[in-house]
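Here's start_8.txt, which has compact mmCIF, C-alpha atoms and all ligand atoms:
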```txt
# COMPACT_ATOMS: atom_id res chain seq x y z
CA MET Q 1 -142.23 93.72 -44.80
CA ALA Q 2 -141.60 97.39 -45.62
CA PRO Q 3 -137.98 98.25 -46.45
CA PRO Q 4 -136.14 100.02 -43.63
CA ALA Q 5 -136.19 103.74 -44.48
CA ALA Q 6 -132.43 103.97 -44.01
CA PHE Q 7 -131.92 101.58 -46.88
CA GLU Q 8 -133.94 103.53 -49.40
CA ALA Q 9 -131.49 104.69 -52.02
CA GLN Q 10 -131.76 108.17 -53.48
CA GLU Q 11 -132.74 107.01 -56.90
CA THR Q 12 -135.24 104.36 -55.77
CA LEU Q 13 -138.20 104.58 -58.10
CA PRO Q 14 -141.91 104.53 -57.34
CA GLN Q 15 -144.00 101.45 -57.95
CA ASN Q 16 -146.84 103.06 -59.82
CA ASN Q 17 -147.94 101.82 -63.20
CA LEU Q 18 -145.58 103.43 -65.66
CA LEU Q 19 -146.69 101.72 -68.81
CA ASN Q 20 -150.09 103.40 -68.86
CA SER Q 21 -151.84 100.51 -70.48
CA ASP Q 22 -154.80 98.64 -69.14
CA THR Q 23 -155.60 96.40 -72.05
CA ALA Q 24 -154.35 92.86 -72.00
CA SER Q 25 -152.93 93.15 -75.51
CA HIS Q 26 -150.62 95.94 -74.41
CA ARG Q 27 -149.34 94.23 -71.32
CA SER Q 28 -145.68 93.41 -71.29
CA LYS Q 29 -144.76 89.75 -71.54
CA VAL Q 30 -141.69 88.60 -69.69
CA THR Q 31 -139.40 85.67 -70.45
CA VAL Q 32 -136.50 84.68 -68.23
CA ILE Q 33 -133.72 83.02 -70.22
CA GLY Q 34 -131.94 80.81 -67.70
CA SER Q 35 -133.06 78.76 -64.71
CA GLY Q 36 -130.04 78.22 -62.49
CA ASN Q 37 -129.78 79.35 -58.89
CA TRP Q 38 -130.13 83.10 -59.59
CA GLY Q 39 -132.27 82.59 -62.68
CA SER Q 40 -134.88 80.78 -60.58
CA VAL Q 41 -134.85 83.47 -57.88
CA ALA Q 42 -135.17 86.16 -60.56
CA ALA Q 43 -138.21 84.33 -61.96
CA LYS Q 44 -139.73 84.23 -58.45
CA LEU Q 45 -139.21 87.98 -57.90
CA ILE Q 46 -140.61 88.83 -61.32
CA ALA Q 47 -143.57 86.48 -60.99
CA SER Q 48 -144.66 88.13 -57.74
CA ASN Q 49 -144.74 91.48 -59.55
CA THR Q 50 -146.40 90.39 -62.79
CA LEU Q 51 -149.29 89.04 -60.70
CA ARG Q 52 -149.55 92.28 -58.76
CA LEU Q 53 -149.14 94.87 -61.53
CA SER Q 54 -151.62 95.24 -64.36
CA THR Q 55 -148.95 96.42 -66.81
CA PHE Q 56 -147.57 92.88 -67.12
CA HIS Q 57 -149.03 89.58 -68.27
CA ASP Q 58 -149.31 87.29 -65.26
CA GLU Q 59 -147.41 84.45 -66.89
CA VAL Q 60 -143.62 84.42 -66.74
CA ARG Q 61 -141.94 82.00 -69.14
CA MET Q 62 -138.64 80.57 -67.92
CA TRP Q 63 -136.39 78.91 -70.46
CA VAL Q 64 -134.79 75.80 -68.97
CA TYR Q 65 -131.65 74.18 -70.34
CA GLU Q 66 -133.23 70.74 -70.28
CA GLU Q 67 -131.67 67.96 -68.32
CA THR Q 68 -132.68 64.57 -67.01
CA LEU Q 69 -132.66 64.25 -63.25
CA GLN Q 70 -131.38 61.18 -61.38
CA SER Q 71 -135.01 60.11 -61.01
CA GLY Q 72 -135.23 59.88 -64.80
CA GLU Q 73 -137.66 62.81 -64.99
CA LYS Q 74 -137.09 65.95 -67.08
CA LEU Q 75 -136.23 69.03 -65.03
CA THR Q 76 -138.83 71.09 -66.90
CA ASP Q 77 -141.62 68.64 -66.12
CA VAL Q 78 -140.71 68.58 -62.45
CA ILE Q 79 -140.63 72.39 -62.26
CA ASN Q 80 -144.06 72.61 -63.87
CA GLN Q 81 -145.51 69.88 -61.64
CA THR Q 82 -144.05 71.02 -58.33
CA ASN Q 83 -143.50 74.76 -58.97
CA GLU Q 84 -139.95 74.24 -57.69
CA ASN Q 85 -136.58 74.09 -59.40
CA VAL Q 86 -135.60 70.98 -57.49
CA LYS Q 87 -132.05 70.97 -58.86
CA TYR Q 88 -130.95 74.62 -58.66
CA LEU Q 89 -133.26 76.10 -56.00
CA PRO Q 90 -134.79 73.26 -53.97
CA GLY Q 91 -137.40 74.05 -51.36
CA ILE Q 92 -138.57 77.36 -52.87
CA LYS Q 93 -141.89 77.85 -54.66
CA LEU Q 94 -141.40 79.98 -57.75
CA GLY Q 95 -144.99 81.16 -58.12
CA LYS Q 96 -147.73 79.33 -60.00
CA ASN Q 97 -147.46 81.79 -62.88
CA VAL Q 98 -143.91 80.66 -63.73
CA VAL Q 99 -143.99 78.28 -66.69
CA ALA Q 100 -140.83 76.32 -67.45
CA ASP Q 101 -140.18 75.84 -71.15
CA PRO Q 102 -137.31 73.79 -72.63
CA ASP Q 103 -137.87 75.24 -76.14
CA LEU Q 104 -135.88 78.48 -76.38
CA GLU Q 105 -137.62 79.72 -79.52
CA ASN Q 106 -141.07 79.08 -78.09
CA ALA Q 107 -140.13 80.64 -74.76
CA VAL Q 108 -139.19 84.01 -76.31
CA LYS Q 109 -141.59 84.31 -79.21
CA ASP Q 110 -144.24 86.47 -77.51
CA ALA Q 111 -142.05 88.31 -75.03
CA ASN Q 112 -141.17 91.99 -75.20
CA MET Q 113 -139.13 91.91 -71.97
CA LEU Q 114 -136.23 89.45 -72.05
CA VAL Q 115 -134.29 88.74 -68.87
CA PHE Q 116 -130.96 87.01 -69.56
CA VAL Q 117 -129.54 85.07 -66.62
CA THR Q 118 -127.28 82.16 -67.56
CA PRO Q 119 -123.59 81.58 -66.88
CA HIS Q 120 -121.73 83.91 -69.23
CA GLN Q 121 -119.96 81.16 -71.19
CA PHE Q 122 -123.31 80.07 -72.70
CA MET Q 123 -124.51 83.49 -73.77
CA GLU Q 124 -122.92 83.65 -77.20
CA GLY Q 125 -124.49 80.32 -78.24
CA ILE Q 126 -127.87 81.41 -76.86
CA CYS Q 127 -127.74 84.71 -78.81
CA ILE Q 128 -126.94 82.83 -82.01
CA ARG Q 129 -129.96 80.59 -81.44
CA LEU Q 130 -132.17 83.63 -80.82
CA LEU Q 131 -131.23 85.42 -84.05
CA GLY Q 132 -134.42 86.32 -85.91
CA LYS Q 133 -136.60 84.65 -83.25
CA ILE Q 134 -137.42 87.55 -80.95
CA ARG Q 135 -139.89 90.40 -81.22
CA SER Q 136 -138.47 93.52 -82.88
CA ASP Q 137 -139.77 95.71 -80.03
CA ALA Q 138 -138.14 93.59 -77.31
CA GLU Q 139 -136.08 95.16 -74.55
CA ALA Q 140 -133.46 93.10 -72.72
CA ILE Q 141 -131.79 93.11 -69.34
CA SER Q 142 -128.74 91.06 -68.43
CA LEU Q 143 -128.18 89.64 -64.95
CA VAL Q 144 -125.13 87.78 -66.28
CA LYS Q 145 -121.81 88.51 -64.58
CA GLY Q 146 -119.03 88.04 -67.09
CA MET Q 147 -117.56 89.09 -70.42
CA GLU Q 148 -116.38 87.64 -73.73
CA VAL Q 149 -112.98 88.38 -75.22
CA LYS Q 150 -112.98 88.72 -78.98
CA MET Q 151 -110.28 89.53 -81.54
CA GLU Q 152 -111.33 93.18 -81.35
CA GLY Q 153 -111.10 93.19 -77.56
CA PRO Q 154 -113.39 92.64 -74.57
CA CYS Q 155 -117.14 92.52 -75.14
CA MET Q 156 -119.53 92.88 -72.22
CA ILE Q 157 -122.52 90.51 -72.24
CA SER Q 158 -125.00 93.40 -72.59
CA THR Q 159 -123.10 94.50 -75.72
CA LEU Q 160 -123.11 90.95 -77.06
CA ILE Q 161 -126.90 90.84 -76.63
CA SER Q 162 -127.40 94.29 -78.17
CA GLN Q 163 -125.10 93.67 -81.11
CA GLN Q 164 -126.22 90.15 -81.93
CA LEU Q 165 -129.95 90.69 -81.45
CA GLY Q 166 -130.23 94.36 -82.38
CA ILE Q 167 -132.04 95.31 -79.17
CA ASN Q 168 -131.34 97.65 -76.27
CA CYS Q 169 -129.94 95.90 -73.21
CA SER Q 170 -129.81 97.18 -69.62
CA VAL Q 171 -128.15 95.31 -66.74
CA LEU Q 172 -129.05 94.39 -63.15
CA MET Q 173 -126.25 93.56 -60.72
CA GLY Q 174 -125.83 93.80 -56.96
CA ALA Q 175 -125.00 92.13 -53.67
CA ASN Q 176 -127.36 89.31 -54.46
CA ILE Q 177 -126.51 85.88 -53.15
CA ALA Q 178 -129.48 84.08 -54.66
CA ASN Q 179 -130.23 81.69 -51.79
CA GLU Q 180 -130.68 84.62 -49.40
CA ILE Q 181 -133.07 86.47 -51.70
CA ALA Q 182 -134.96 83.22 -52.26
CA VAL Q 183 -135.96 83.25 -48.57
CA GLU Q 184 -136.78 86.95 -48.81
CA LYS Q 185 -133.90 88.33 -46.79
CA PHE Q 186 -133.45 92.03 -47.46
CA SER Q 187 -131.05 93.11 -50.22
CA GLU Q 188 -130.41 95.82 -52.80
CA ALA Q 189 -129.57 95.80 -56.50
CA THR Q 190 -128.56 98.27 -59.19
CA VAL Q 191 -130.03 98.60 -62.67
CA GLY Q 192 -127.61 100.12 -65.19
CA TYR Q 193 -129.32 101.76 -68.14
CA ARG Q 194 -128.05 103.47 -71.27
CA GLN Q 195 -130.26 106.45 -72.14
CA ASN Q 196 -133.92 105.90 -71.63
CA ARG Q 197 -134.97 106.46 -68.04
CA GLU Q 198 -138.45 105.06 -68.72
CA VAL Q 199 -136.94 101.77 -69.75
CA ALA Q 200 -134.98 101.68 -66.48
CA GLU Q 201 -138.17 102.43 -64.55
CA ARG Q 202 -139.93 99.53 -66.20
CA TRP Q 203 -137.12 97.14 -65.14
CA VAL Q 204 -137.11 98.51 -61.61
CA GLN Q 205 -140.87 97.98 -61.48
CA LEU Q 206 -140.46 94.38 -62.62
CA PHE Q 207 -137.89 93.44 -59.96
CA TYR Q 208 -138.63 95.71 -56.99
CA THR Q 209 -140.14 94.10 -53.89
CA PRO Q 210 -140.11 95.22 -50.25
CA TYR Q 211 -137.15 92.89 -49.67
CA PHE Q 212 -135.38 93.61 -52.98
CA ILE Q 213 -134.74 97.32 -53.40
CA VAL Q 214 -133.65 98.35 -56.86
CA THR Q 215 -131.90 101.59 -57.78
CA ALA Q 216 -131.20 102.78 -61.34
CA VAL Q 217 -128.01 104.48 -62.57
CA GLN Q 218 -127.12 105.60 -66.08
CA ASP Q 219 -123.92 103.57 -66.41
CA VAL Q 220 -124.35 100.17 -68.06
CA GLU Q 221 -120.63 99.47 -68.40
CA GLY Q 222 -119.81 100.54 -64.85
CA VAL Q 223 -122.53 98.37 -63.31
CA GLU Q 224 -121.69 95.37 -65.49
CA LEU Q 225 -117.93 95.60 -64.95
CA CYS Q 226 -118.44 95.76 -61.18
CA GLY Q 227 -120.53 92.57 -61.27
CA THR Q 228 -118.03 90.86 -63.55
CA LEU Q 229 -114.72 91.82 -61.96
CA LYS Q 230 -115.67 91.24 -58.33
CA ASN Q 231 -115.75 87.51 -59.13
CA VAL Q 232 -111.99 87.62 -59.81
CA VAL Q 233 -111.37 89.32 -56.45
CA ALA Q 234 -113.59 86.70 -54.77
CA ILE Q 235 -111.30 83.96 -56.09
CA ALA Q 236 -108.36 85.76 -54.43
CA ALA Q 237 -110.41 86.04 -51.20
CA GLY Q 238 -111.02 82.29 -51.34
CA PHE Q 239 -107.29 81.62 -51.67
CA VAL Q 240 -106.68 83.79 -48.61
CA ASP Q 241 -109.30 81.79 -46.68
CA GLY Q 242 -107.85 78.46 -47.84
CA LEU Q 243 -104.41 79.52 -46.63
CA GLU Q 244 -105.92 80.75 -43.34
CA MET Q 245 -104.37 84.18 -43.70
CA GLY Q 246 -107.08 85.92 -41.70
CA ASN Q 247 -109.61 88.70 -42.09
CA ASN Q 248 -107.17 91.58 -42.26
CA THR Q 249 -105.43 90.05 -45.26
CA LYS Q 250 -108.79 89.37 -46.88
CA ALA Q 251 -109.81 92.99 -46.33
CA ALA Q 252 -106.53 94.12 -47.91
CA ILE Q 253 -107.24 91.91 -50.94
CA MET Q 254 -110.74 93.37 -51.22
CA ARG Q 255 -109.38 96.93 -51.06
CA LEU Q 256 -106.70 96.27 -53.69
CA GLY Q 257 -109.23 94.39 -55.77
CA LEU Q 258 -111.68 97.27 -55.70
CA ARG Q 259 -108.92 99.59 -56.83
CA GLU Q 260 -108.09 97.32 -59.78
CA MET Q 261 -111.79 96.96 -60.63
CA LYS Q 262 -112.12 100.73 -60.84
CA ALA Q 263 -108.89 101.29 -62.78
CA PHE Q 264 -109.64 98.50 -65.29
CA SER Q 265 -113.23 99.67 -65.83
CA LYS Q 266 -112.15 103.25 -66.45
CA LEU Q 267 -109.36 102.25 -68.82
CA LEU Q 268 -111.82 100.23 -70.88
CA PHE Q 269 -114.68 102.72 -70.63
CA PRO Q 270 -113.71 106.26 -69.56
CA SER Q 271 -117.45 107.01 -69.16
CA VAL Q 272 -117.70 104.73 -66.10
CA LYS Q 273 -118.74 106.79 -63.06
CA ASP Q 274 -116.89 106.74 -59.72
CA SER Q 275 -120.24 106.77 -57.91
CA THR Q 276 -121.20 103.40 -59.43
CA PHE Q 277 -118.58 101.68 -57.25
CA PHE Q 278 -120.53 102.83 -54.17
CA GLU Q 279 -123.82 101.33 -55.37
CA SER Q 280 -124.95 97.80 -54.49
CA CYS Q 281 -123.33 96.53 -57.70
CA GLY Q 282 -119.94 97.83 -56.53
CA VAL Q 283 -118.51 97.60 -53.07
CA ALA Q 284 -121.53 95.76 -51.62
CA ASP Q 285 -121.39 92.94 -54.18
CA LEU Q 286 -117.62 92.69 -53.72
CA ILE Q 287 -118.07 92.25 -49.96
CA THR Q 288 -120.91 89.70 -50.10
CA THR Q 289 -119.18 87.59 -52.74
CA CYS Q 290 -115.85 87.61 -50.88
CA LEU Q 291 -117.69 86.52 -47.73
CA GLY Q 292 -120.35 84.12 -48.93
CA GLY Q 293 -120.18 83.38 -52.64
CA ARG Q 294 -119.49 80.22 -54.63
CA ASN Q 295 -116.31 81.63 -56.19
CA ARG Q 296 -114.86 82.18 -52.72
CA LYS Q 297 -115.91 78.75 -51.52
CA VAL Q 298 -114.38 76.78 -54.39
CA ALA Q 299 -111.19 78.90 -54.40
CA GLU Q 300 -110.80 78.17 -50.68
CA ALA Q 301 -110.95 74.42 -51.44
CA TYR Q 302 -108.46 74.88 -54.30
CA ALA Q 303 -105.93 76.54 -51.98
CA LYS Q 304 -106.54 74.01 -49.19
CA ASN Q 305 -105.67 71.27 -51.69
CA GLY Q 306 -102.48 73.13 -52.68
CA GLY Q 307 -103.77 73.54 -56.24
CA LYS Q 308 -103.64 69.75 -56.78
CA ARG Q 309 -107.32 69.40 -57.66
CA SER Q 310 -108.52 71.46 -60.62
CA PHE Q 311 -111.23 74.09 -60.41
CA ASP Q 312 -113.33 72.04 -62.85
CA GLU Q 313 -113.20 69.01 -60.58
CA LEU Q 314 -113.96 71.01 -57.44
CA GLU Q 315 -116.78 72.93 -59.16
CA ALA Q 316 -118.47 69.71 -60.27
CA GLU Q 317 -118.13 68.15 -56.81
CA MET Q 318 -119.05 71.18 -54.70
CA LEU Q 319 -121.65 72.98 -56.82
CA GLN Q 320 -123.55 70.09 -58.50
CA GLY Q 321 -124.22 71.78 -61.81
CA GLN Q 322 -123.96 75.41 -60.70
CA LYS Q 323 -121.17 77.31 -62.41
CA LEU Q 324 -118.31 79.52 -61.29
CA GLN Q 325 -117.69 82.70 -63.22
CA GLY Q 326 -114.52 83.97 -61.55
CA VAL Q 327 -111.96 81.55 -62.98
CA SER Q 328 -112.96 82.08 -66.60
CA THR Q 329 -113.33 85.82 -66.01
CA ALA Q 330 -109.78 85.92 -64.59
CA ARG Q 331 -108.59 84.22 -67.79
CA GLU Q 332 -110.54 86.65 -69.98
CA VAL Q 333 -109.22 89.66 -68.05
CA TYR Q 334 -105.68 88.24 -68.34
CA GLU Q 335 -106.07 88.03 -72.13
CA VAL Q 336 -107.04 91.70 -72.23
CA LEU Q 337 -104.14 92.67 -69.93
CA SER Q 338 -101.58 90.69 -71.98
CA HIS Q 339 -102.88 92.01 -75.27
CA ARG Q 340 -102.82 95.65 -74.13
CA GLY Q 341 -99.53 95.48 -72.19
CA TRP Q 342 -101.33 96.19 -68.89
CA LEU Q 343 -100.20 93.13 -66.86
CA GLU Q 344 -98.04 95.18 -64.51
CA LEU Q 345 -100.85 97.61 -63.82
CA PHE Q 346 -103.13 94.85 -62.51
CA PRO Q 347 -101.02 92.51 -60.35
CA LEU Q 348 -103.98 91.08 -58.39
CA PHE Q 349 -105.99 90.17 -61.48
CA ALA Q 350 -102.87 88.69 -63.12
CA THR Q 351 -101.91 86.68 -60.02
CA VAL Q 352 -105.42 85.22 -59.68
CA HIS Q 353 -105.25 83.86 -63.22
CA GLU Q 354 -101.71 82.57 -62.81
CA ILE Q 355 -102.74 80.68 -59.67
CA SER Q 356 -106.04 79.34 -60.97
CA SER Q 357 -104.45 78.10 -64.19
CA GLY Q 358 -101.68 76.30 -62.25
CA LEU Q 359 -98.81 78.56 -63.32
CA LEU Q 360 -98.26 79.64 -59.70
CA PRO Q 361 -99.05 77.85 -56.42
CA PRO Q 362 -101.88 79.23 -54.24
CA SER Q 363 -99.26 80.52 -51.79
CA ALA Q 364 -98.29 83.10 -54.44
CA ILE Q 365 -101.25 85.15 -53.16
CA VAL Q 366 -99.29 85.62 -49.90
CA GLU Q 367 -96.28 87.07 -51.70
CA TYR Q 368 -98.55 89.18 -53.85
CA SER Q 369 -100.44 90.62 -50.87
CA GLU Q 370 -97.33 91.39 -48.85
CA LYS Q 371 -95.61 93.10 -51.76
CA GLN Q 372 -98.66 95.16 -52.66
CA VAL Q 373 -99.63 96.19 -49.16
CA ARG Q 374 -96.02 97.29 -48.47
CA SER Q 375 -95.78 99.30 -51.66
CA PHE Q 376 -98.67 101.62 -50.67
N1 LIG W 1 -126.29 82.42 -57.91
C1 LIG W 1 -126.12 83.66 -57.46
O1 LIG W 1 -126.14 83.90 -56.24
C2 LIG W 1 -125.94 84.78 -58.43
C3 LIG W 1 -125.58 84.57 -59.75
N2 LIG W 1 -125.42 85.62 -60.60
C4 LIG W 1 -125.02 85.45 -61.98
O2 LIG W 1 -126.13 84.92 -62.72
C5 LIG W 1 -125.64 84.16 -63.83
C6 LIG W 1 -126.37 82.82 -63.84
O3 LIG W 1 -126.05 82.14 -62.65
P1 LIG W 1 -127.04 81.12 -61.92
O4 LIG W 1 -128.45 81.41 -62.23
O5 LIG W 1 -126.65 81.16 -60.48
O6 LIG W 1 -126.68 79.73 -62.60
P2 LIG W 1 -126.11 78.39 -61.91
O7 LIG W 1 -124.64 78.48 -61.83
O8 LIG W 1 -126.84 78.12 -60.64
O9 LIG W 1 -126.56 77.24 -62.86
C7 LIG W 1 -125.98 76.89 -64.06
C8 LIG W 1 -127.04 76.99 -65.13
O10 LIG W 1 -126.44 76.77 -66.41
C9 LIG W 1 -127.29 75.93 -67.16
N3 LIG W 1 -126.52 75.28 -68.21
C10 LIG W 1 -125.68 74.23 -68.12
N4 LIG W 1 -125.17 73.95 -69.34
C11 LIG W 1 -125.71 74.85 -70.21
C12 LIG W 1 -125.57 75.08 -71.59
N5 LIG W 1 -124.77 74.35 -72.35
N6 LIG W 1 -126.29 76.09 -72.15
C13 LIG W 1 -127.08 76.88 -71.39
N7 LIG W 1 -127.26 76.70 -70.07
C14 LIG W 1 -126.57 75.70 -69.48
C15 LIG W 1 -127.86 74.98 -66.13
O11 LIG W 1 -129.01 74.35 -66.62
C16 LIG W 1 -128.16 75.95 -65.00
O12 LIG W 1 -129.39 76.57 -65.21
C17 LIG W 1 -124.12 84.06 -63.66
O13 LIG W 1 -123.49 85.00 -64.49
C18 LIG W 1 -123.91 84.44 -62.20
O14 LIG W 1 -122.64 85.04 -61.96
C19 LIG W 1 -125.66 86.91 -60.18
C20 LIG W 1 -126.05 87.18 -58.90
C21 LIG W 1 -126.21 86.14 -57.92
O1 LIG W 2 -122.86 87.33 -57.73
C1 LIG W 2 -123.11 86.84 -56.66
C2 LIG W 2 -123.62 87.62 -55.51
O2 LIG W 2 -124.03 88.90 -55.90
C3 LIG W 2 -122.87 85.39 -56.44
O3 LIG W 2 -121.51 85.15 -56.43
P1 LIG W 2 -120.99 83.66 -56.59
O4 LIG W 2 -121.19 83.26 -58.02
O5 LIG W 2 -119.55 83.70 -56.17
O6 LIG W 2 -121.82 82.81 -55.65
```
Is it possible to express this structure as structure tokens?
Ligand SMILES: NC(=O)C1=CN([C@@H]2O[C@H](COP(=O)(O)OP(=O)(O)OC[C@H]3O[C@@H](n4cnc5c(N)ncnc54)[C@H](O)[C@@H]3O)[C@@H](O)[C@H]2O)C=CC1
Ligand SMILES: O=C(CO)COP(=O)(O)O
Amino acid sequence: MAPPAAFEAQETLPQNNLLNSDTASHRSKVTVIGSGNWGSVAAKLIASNTLRLSTFHDEVRMWVYEETLQSGEKLTDVINQTNENVKYLPGIKLGKNVVADPDLENAVKDANMLVFVTPHQFMEGICIRLLGKIRSDAEAISLVKGMEVKMEGPCMISTLISQQLGINCSVLMGANIANEIAVEKFSEATVGYRQNREVAERWVQLFYTPYFIVTAVQDVEGVELCGTLKNVVAIAAGFVDGLEMGNNTKAAIMRLGLREMKAFSKLLFPSVKDSTFFESCGVADLITTCLGGRNRKVAEAYAKNGGKRSFDELEAEMLQGQKLQGVSTAREVYEVLSHRGWLELFPLFATVHEISSGLLPPSAIVEYSEKQVRSF
């Protein structure tokens, strides 16, 4: 299916062969580090392109955090036998050129294009394990929505990857509910790159399909903070749903949330561009996650239960191994706000953490919304 012309973003890049290499030895080798719901869909998108484009090796390695299924079989073996990630993306063929590999070191050893896509809480451990194991000419891209908070302050995942592994790292974020892209429903995404436009073009080429339109912007921090912070707003949207406050209230939460996302991003990184918030990674991802994401869904259940069942318990029961990012991100953001004396500047972010950690009841989101909406 060709993309509707109206959806073609200004900066959409052509799909010609940009690497100018036709010898197998110069073809880029791609490894996907992560195999959850989005990780598996990312592998499927990439695998369709590596087969089609001569600048890439056909094979896509996918590192799998190994686990034993209820049947007693290893997840990796089942993926390689059936070409399906039966636990995290059942019913979808990944492409015969996707090879699942439970050995992290082996999975990355030949790759010069590393795609990181695991829940953010595992990234630091993964980077430590990768130290000295990757190619020196490797380029990375992070699809991970989240951040780490260190003694020195917040550290975005792309920075963690760059600093720990000594490689350049771009990001890809967007309104990308994985299950919809898995069945090839149309969506858009944004690549954030640092300096080198050619590098961005190579990533766009790797991900772009007629149903997955990728645009590149030179704003790594802006793109990554959008993807990270919208998960906190989605938790608030879930509370609103659980308390049956209606669509107008949810829209008000989304508007106030977007304003805090922008203010927080610009305080941390003055270089962040206003225009980034209007890309897929910004307002579009905020909307889709507040309507249809996992953070929203579990937060709705939390509020319905009056905060009596913990997020951990609900996550395990409702997501069966998939992970929420919004609750831990709210905690990480709260740490930054407390440390910098910014709590009063970001009442929505602060309230989300106070509710999700049990300090306030879910109904506190009602008081928060009313107070905020009246004060503007
Ligand atoms: N699922 C979605 O619709 C989207 C997800 N994302 C982001 O992509 C990132 C990855 O999410 P998903 O692929 O959806 O994962 P997921 O939440 O579906 O799955 C969890 C993954 O974590 C792995 N895991 C469990 N324990 C681990 C450990 N100790 N070390 C390493 N891995 C471990 C599991 O094997 C599984 O692959 C997150 O930051 C998420 O916010 C971004 C866009 C869309
Ligand atoms: O990031 C996402 C959509 O772009 C997915 O959000 P959830 O993790 O809330 O499902």
**Asked** When you draw a straight line from atom O3 of ligand LIG 1 (chain W) to atom CA of Leu75 of chain Q, how long is it in Å?
**Response**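 Those two atoms sit 16.8 Å apart.
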Item to check | Top pick for closest residue to Val183 of chain Q, considering Q:Lys44, Q:Lys230, Q:Phe264, Q:Lys96 and counting all atoms listed in the file | outcome: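 The answer is Q:Lys44, which sits nearest to Val183 of chain Q.
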What separates atom C3 of ligand LIG 2 (chain W) and atom CA of Arg294 of chain Q is a distance of 6.4 Å
I'd like the neighbourhood of segment 50-61 of chain Q as a PyMOL selection string, where a residue qualifies if any of its atoms comes within 12 Å (using only C-alpha atoms), though same-chain residues fewer than 5 positions away should be ignored.
chain Q and resi 15-35+39-40+42-45+76+79-80+94-115+202-203+205-209
Would you mind exporting the chosen residues as a compact mmCIF listing (two decimals), in the frame of the given file, restricted to C-alpha atoms?
```txt
# COMPACT_ATOMS: atom_id res chain seq x y z
CA GLN Q 15 -144.00 101.45 -57.95
CA ASN Q 16 -146.84 103.06 -59.82
CA ASN Q 17 -147.94 101.82 -63.20
CA LEU Q 18 -145.58 103.43 -65.66
CA LEU Q 19 -146.69 101.72 -68.81
CA ASN Q 20 -150.09 103.40 -68.86
CA SER Q 21 -151.84 100.51 -70.48
CA ASP Q 22 -154.80 98.64 -69.14
CA THR Q 23 -155.60 96.40 -72.05
CA ALA Q 24 -154.35 92.86 -72.00
CA SER Q 25 -152.93 93.15 -75.51
CA HIS Q 26 -150.62 95.94 -74.41
CA ARG Q 27 -149.34 94.23 -71.32
CA SER Q 28 -145.68 93.41 -71.29
CA LYS Q 29 -144.76 89.75 -71.54
CA VAL Q 30 -141.69 88.60 -69.69
CA THR Q 31 -139.40 85.67 -70.45
CA VAL Q 32 -136.50 84.68 -68.23
CA ILE Q 33 -133.72 83.02 -70.22
CA GLY Q 34 -131.94 80.81 -67.70
CA SER Q 35 -133.06 78.76 -64.71
CA GLY Q 39 -132.27 82.59 -62.68
CA SER Q 40 -134.88 80.78 -60.58
CA ALA Q 42 -135.17 86.16 -60.56
CA ALA Q 43 -138.21 84.33 -61.96
CA LYS Q 44 -139.73 84.23 -58.45
CA LEU Q 45 -139.21 87.98 -57.90
CA THR Q 76 -138.83 71.09 -66.90
CA ILE Q 79 -140.63 72.39 -62.26
CA ASN Q 80 -144.06 72.61 -63.87
CA LEU Q 94 -141.40 79.98 -57.75
CA GLY Q 95 -144.99 81.16 -58.12
CA LYS Q 96 -147.73 79.33 -60.00
CA ASN Q 97 -147.46 81.79 -62.88
CA VAL Q 98 -143.91 80.66 -63.73
CA VAL Q 99 -143.99 78.28 -66.69
CA ALA Q 100 -140.83 76.32 -67.45
CA ASP Q 101 -140.18 75.84 -71.15
CA PRO Q 102 -137.31 73.79 -72.63
CA ASP Q 103 -137.87 75.24 -76.14
CA LEU Q 104 -135.88 78.48 -76.38
CA GLU Q 105 -137.62 79.72 -79.52
CA ASN Q 106 -141.07 79.08 -78.09
CA ALA Q 107 -140.13 80.64 -74.76
CA VAL Q 108 -139.19 84.01 -76.31
CA LYS Q 109 -141.59 84.31 -79.21
CA ASP Q 110 -144.24 86.47 -77.51
CA ALA Q 111 -142.05 88.31 -75.03
CA ASN Q 112 -141.17 91.99 -75.20
CA MET Q 113 -139.13 91.91 -71.97
CA LEU Q 114 -136.23 89.45 -72.05
CA VAL Q 115 -134.29 88.74 -68.87
CA ARG Q 202 -139.93 99.53 -66.20
CA TRP Q 203 -137.12 97.14 -65.14
CA GLN Q 205 -140.87 97.98 -61.48
CA LEU Q 206 -140.46 94.38 -62.62
CA PHE Q 207 -137.89 93.44 -59.96
CA TYR Q 208 -138.63 95.71 -56.99
CA THR Q 209 -140.14 94.10 -53.89
```
Just give me the gap between atom CA of Val298 of chain Q and atom CA of Phe186 of chain Q in Å, one decimal is fine.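 Between these atoms lies a distance of 25.4 Å.
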Starting from the sparse input, extend segment 206-210 of chain Q to N, CA and C atoms and give the output as an mmCIF file, in the coordinates of the input.
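Printed below is selection.cif as written:
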```cif
data_model
loop_
_atom_site.group_PDB
_atom_site.id
_atom_site.type_symbol
_atom_site.label_atom_id
_atom_site.label_comp_id
_atom_site.auth_asym_id
_atom_site.auth_seq_id
_atom_site.Cartn_x
_atom_site.Cartn_y
_atom_site.Cartn_z
ATOM 1 N N LEU Q 206 -140.350 95.836 -62.465
ATOM 2 C CA LEU Q 206 -140.460 94.380 -62.620
ATOM 3 C C LEU Q 206 -139.771 93.623 -61.489
ATOM 4 N N PHE Q 207 -138.681 94.172 -60.961
ATOM 5 C CA PHE Q 207 -137.890 93.440 -59.960
ATOM 6 C C PHE Q 207 -138.155 93.859 -58.515
ATOM 7 N N TYR Q 208 -138.578 95.112 -58.336
ATOM 8 C CA TYR Q 208 -138.630 95.710 -56.990
ATOM 9 C C TYR Q 208 -139.648 94.999 -56.089
ATOM 10 N N THR Q 209 -139.202 94.597 -54.910
ATOM 11 C CA THR Q 209 -140.140 94.100 -53.890
ATOM 12 C C THR Q 209 -139.713 94.738 -52.565
ATOM 13 N N PRO Q 210 -140.522 94.622 -51.532
ATOM 14 C CA PRO Q 210 -140.110 95.220 -50.250
ATOM 15 C C PRO Q 210 -138.790 94.661 -49.727
#
```
